[in-house]
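Here's the structure, in structure tokens; my notes come after.
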Amino acid sequence: EAFITTGGHILPGICSLTVRREAVAEVGGFEPDFRGCYEDQVFLAKICSRFPVHVTSRCLDRYRQHSASCTAQAQLTGDYLPGLPHPARERFLRWLHVYLEREGRLGPSIKRALARELWPYDNPKTFALVGLPFLQTKFALKRLKRAAIHRTMSGRRPSLAATAD
């Protein structure tokens with residue numbers, strides 16, 4: 001599907017966007033400092049902070065993932081760690097804070113949300129003691145749940161709906 005999950009939220013994949021040319025020109029297009037990880041989220045932040053958007057829950061596209069993608073390569077280098085604080089996300093969050101402040105769109109609720117998201121980066125020692133063990137336990141439980149579901153489902157024939165692509 002053409003979406004990305006991040007922190008429990010769903011963002012559209014860049015391939016599923018339709019944006020007016022005038023809007024792209026007004027926000028200055030994509031940021032040259034963000035090539036690879038988070039370039040889509042930077043662009044979305046610029047568009048969504050200035051223009052009304054329509055969001056649908058319908059899946060309209062498929063998103064191909066492969067080992068040569070920028071995300072896969074960033075995982076290999078450690079620049080991107082799904083579900084954990086990582087350098088690419090910190091760069092994005094710090095850019096977002098500066099951008100929204102410069103645009104006059106950094107209200108109290110957004111400021112609090114950004115502070116919450118930046119907390120692991122601003123408090124790395126405390127996060128290592130408290131936050132990281134929590135996330136590791138959370139991911140371990142998710143892996144156990146997926147394994148249990150897989151064991152339960154093995155031996156069953158997939159339904160027609162599950163095989164139709």
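Ordering of the structure tokens sets the chain letters (A, B, ...); residue numbers start at 1 within each chain; ligands are numbered from 1 in the order shown.
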### Query
Leaving out Pro85 of chain A and any residue of its chain fewer than 2 positions from it, which residues lie within 10 Å of it when counting only C-alpha atoms, given as a PyMOL selection string?
chain A and resi 79-83+87-90+117-121+124+127+132
Next, dump the selected residues to file, keeping only all heavy atoms, as a tab-separated table (two decimals), in the first residue's frame.
chain	number	residue	atom	x	y	z
A	79	ASP	N	21.26	5.08	9.59
A	79	ASP	CA	20.65	6.40	9.54
A	79	ASP	C	19.15	6.32	9.77
A	79	ASP	O	18.52	7.30	10.16
A	79	ASP	CB	20.95	7.05	8.19
A	79	ASP	CG	20.73	8.56	8.20
A	79	ASP	OD1	21.06	9.20	9.22
A	79	ASP	OD2	20.25	9.09	7.19
A	80	TYR	N	18.56	5.15	9.54
A	80	TYR	CA	17.12	4.94	9.71
A	80	TYR	C	16.91	3.63	10.47
A	80	TYR	O	17.37	2.57	10.04
A	80	TYR	CB	16.42	4.89	8.36
A	80	TYR	CG	14.95	4.58	8.44
A	80	TYR	CD1	14.06	5.54	8.89
A	80	TYR	CD2	14.46	3.33	8.09
A	80	TYR	CE1	12.70	5.26	8.98
A	80	TYR	CE2	13.10	3.05	8.17
A	80	TYR	CZ	12.23	4.02	8.62
A	80	TYR	OH	10.89	3.75	8.69
A	81	LEU	N	16.22	3.71	11.61
A	81	LEU	CA	15.91	2.54	12.43
A	81	LEU	C	14.42	2.57	12.71
A	81	LEU	O	13.96	3.33	13.56
A	81	LEU	CB	16.69	2.59	13.75
A	81	LEU	CG	18.21	2.72	13.65
A	81	LEU	CD1	18.82	3.06	14.99
A	81	LEU	CD2	18.80	1.45	13.07
A	82	PRO	N	13.63	1.76	12.00
A	82	PRO	CA	12.17	1.81	12.18
A	82	PRO	C	11.76	1.61	13.63
A	82	PRO	O	12.21	0.68	14.29
A	82	PRO	CB	11.66	0.65	11.32
A	82	PRO	CG	12.79	0.25	10.45
A	82	PRO	CD	14.05	0.71	11.10
A	83	GLY	N	10.94	2.54	14.12
A	83	GLY	CA	10.42	2.43	15.47
A	83	GLY	C	11.34	2.92	16.57
A	83	GLY	O	10.94	2.98	17.73
A	87	PRO	N	19.11	9.06	13.32
A	87	PRO	CA	19.59	10.36	12.83
A	87	PRO	C	18.70	11.01	11.78
A	87	PRO	O	18.51	12.23	11.81
A	87	PRO	CB	20.97	10.01	12.23
A	87	PRO	CG	21.40	8.79	12.97
A	87	PRO	CD	20.14	8.02	13.25
A	88	ALA	N	18.16	10.24	10.85
A	88	ALA	CA	17.32	10.84	9.81
A	88	ALA	C	16.08	11.50	10.41
A	88	ALA	O	15.67	12.59	10.00
A	88	ALA	CB	16.93	9.79	8.78
A	89	ARG	N	15.46	10.85	11.39
A	89	ARG	CA	14.27	11.42	12.02
A	89	ARG	C	14.61	12.67	12.82
A	89	ARG	O	13.87	13.65	12.81
A	89	ARG	CB	13.58	10.39	12.92
A	89	ARG	CG	12.32	10.96	13.57
A	89	ARG	CD	11.36	9.87	13.97
A	89	ARG	NE	10.22	10.37	14.68
A	89	ARG	CZ	9.17	10.96	14.13
A	89	ARG	NH1	9.12	11.14	12.83
A	89	ARG	NH2	8.15	11.37	14.86
A	90	GLU	N	15.73	12.63	13.51
A	90	GLU	CA	16.13	13.83	14.26
A	90	GLU	C	16.33	15.02	13.32
A	90	GLU	O	15.86	16.13	13.62
A	90	GLU	CB	17.41	13.57	15.06
A	90	GLU	CG	17.82	14.79	15.86
A	90	GLU	CD	19.08	14.59	16.69
A	90	GLU	OE1	19.78	13.58	16.50
A	90	GLU	OE2	19.35	15.47	17.54
A	117	GLU	N	8.38	14.44	20.56
A	117	GLU	CA	9.09	13.63	19.57
A	117	GLU	C	10.61	13.82	19.65
A	117	GLU	O	11.37	12.91	19.34
A	117	GLU	CB	8.60	13.96	18.16
A	117	GLU	CG	7.17	13.54	17.90
A	117	GLU	CD	6.97	12.03	18.01
A	117	GLU	OE1	7.79	11.28	17.45
A	117	GLU	OE2	5.98	11.62	18.65
A	118	LEU	N	11.05	15.02	20.04
A	118	LEU	CA	12.48	15.30	20.15
A	118	LEU	C	13.09	14.85	21.48
A	118	LEU	O	14.30	14.83	21.64
A	118	LEU	CB	12.74	16.80	19.94
A	118	LEU	CG	12.69	17.26	18.49
A	118	LEU	CD1	12.59	18.78	18.41
A	118	LEU	CD2	13.91	16.76	17.72
A	119	TRP	N	12.25	14.48	22.44
A	119	TRP	CA	12.74	14.12	23.77
A	119	TRP	C	13.86	13.07	23.75
A	119	TRP	O	14.88	13.26	24.41
A	119	TRP	CB	11.56	13.67	24.66
A	119	TRP	CG	11.98	13.41	26.06
A	119	TRP	CD1	12.08	14.32	27.07
A	119	TRP	CD2	12.39	12.15	26.61
A	119	TRP	NE1	12.52	13.71	28.22
A	119	TRP	CE2	12.72	12.37	27.96
A	119	TRP	CE3	12.52	10.87	26.10
A	119	TRP	CZ2	13.16	11.37	28.80
A	119	TRP	CZ3	12.95	9.85	26.93
A	119	TRP	CH2	13.27	10.11	28.27
A	120	PRO	N	13.73	11.98	23.01
A	120	PRO	CA	14.82	10.99	23.01
A	120	PRO	C	16.16	11.56	22.53
A	120	PRO	O	17.22	11.13	22.97
A	120	PRO	CB	14.34	9.89	22.06
A	120	PRO	CG	12.88	10.07	21.96
A	120	PRO	CD	12.61	11.53	22.18
A	121	TYR	N	16.11	12.52	21.61
A	121	TYR	CA	17.33	13.12	21.06
A	121	TYR	C	17.92	14.15	22.02
A	121	TYR	O	19.13	14.31	22.09
A	121	TYR	CB	17.04	13.77	19.70
A	121	TYR	CG	16.38	12.81	18.75
A	121	TYR	CD1	15.01	12.87	18.50
A	121	TYR	CD2	17.11	11.82	18.11
A	121	TYR	CE1	14.40	11.99	17.62
A	121	TYR	CE2	16.51	10.92	17.24
A	121	TYR	CZ	15.15	11.02	17.02
A	121	TYR	OH	14.54	10.13	16.16
A	124	PRO	N	19.36	11.74	25.57
A	124	PRO	CA	19.76	10.40	25.15
A	124	PRO	C	20.08	9.45	26.30
A	124	PRO	O	19.77	8.26	26.22
A	124	PRO	CB	20.99	10.64	24.28
A	124	PRO	CG	21.49	11.99	24.66
A	124	PRO	CD	20.29	12.76	25.12
A	127	PHE	N	16.76	8.44	27.90
A	127	PHE	CA	16.06	7.56	26.96
A	127	PHE	C	16.67	6.16	26.97
A	127	PHE	O	15.96	5.17	26.95
A	127	PHE	CB	16.09	8.14	25.54
A	127	PHE	CG	15.45	7.22	24.54
A	127	PHE	CD1	14.08	7.11	24.46
A	127	PHE	CD2	16.23	6.43	23.71
A	127	PHE	CE1	13.48	6.24	23.57
A	127	PHE	CE2	15.64	5.55	22.82
A	127	PHE	CZ	14.26	5.46	22.75
A	132	LEU	N	14.32	3.25	25.82
A	132	LEU	CA	14.78	2.17	24.96
A	132	LEU	C	14.34	0.79	25.45
A	132	LEU	O	13.82	0.00	24.66
A	132	LEU	CB	16.30	2.23	24.78
A	132	LEU	CG	16.90	1.29	23.75
A	132	LEU	CD1	16.27	1.52	22.38
A	132	LEU	CD2	18.40	1.49	23.67
### Residues within 9 Å of Cys70 of chain A, only C-alpha atoms, excluding chain neighbours under 2 positions, as a PyMOL selection string
chain A and resi 35-37+67-68+72-75
Suppose we keep C-alpha atoms; can you now write the selection as a short mmCIF file (atom, residue, chain, number, x, y, z; two decimals), in the first residue's frame?
data_model
loop_
_atom_site.label_atom_id
_atom_site.label_comp_id
_atom_site.auth_asym_id
_atom_site.auth_seq_id
_atom_site.Cartn_x
_atom_site.Cartn_y
_atom_site.Cartn_z
CA ARG A 35 17.35 13.59 -0.43
CA GLY A 36 16.40 10.08 0.60
CA CYS A 37 14.87 9.56 4.02
CA SER A 67 16.66 -3.78 -1.03
CA ALA A 68 18.14 -0.92 -3.09
CA ALA A 72 16.71 0.01 2.93
CA GLN A 73 20.11 1.61 2.37
CA ALA A 74 19.61 3.99 5.31
CA GLN A 75 18.76 0.99 7.51
#
#### Entry: Straight-line distance linking atom CA of Ala128 of chain A with atom CA of Ile110 of chain A, stated in Å to one decimal
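These atoms are spaced 25.1 Å apart.
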### Surrounding residues of segment 21-28 of chain A excluding itself and chain neighbours under 2 positions, 9 Å, only C-alpha atoms, as a ChimeraX atom specification
/A:19,30-31,43,46-47,50-51
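For the pair atom CA of Ser49 of chain A and atom CA of Val98 of chain A, the interatomic distance is 13.1 Å.
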### Query
What is the atom CA of Lys145 of chain A-atom CA of Tyr63 of chain A distance in Å, reported with one decimal?
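Between these atoms lies a distance of 25.1 Å.
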### Task
Write down as an MDAnalysis selection string the residues belonging to segment 78-151 of chain A that are assigned alpha helix (DSSP H) by DSSP computed on the backbone.
chainID A and resid 87:102 108:122 124:126 132:151
### Minimum-distance residue to Leu60 of chain A, chosen among A:Cys15, A:Leu96, A:Ala45, A:Leu76 (using only C-alpha atoms)
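The answer is A:Cys15, which sits nearest to Leu60 of chain A.
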### Message
as a list in words, please: every residue in chain A that a backbone DSSP assignment puts in strand (DSSP E or B).
### Response
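Reading the DSSP output for chain A, strand (DSSP E or B) covers Phe3, Ile4, Thr5, Thr6, His9, Ile10, Leu11 and Pro12 of chain A.
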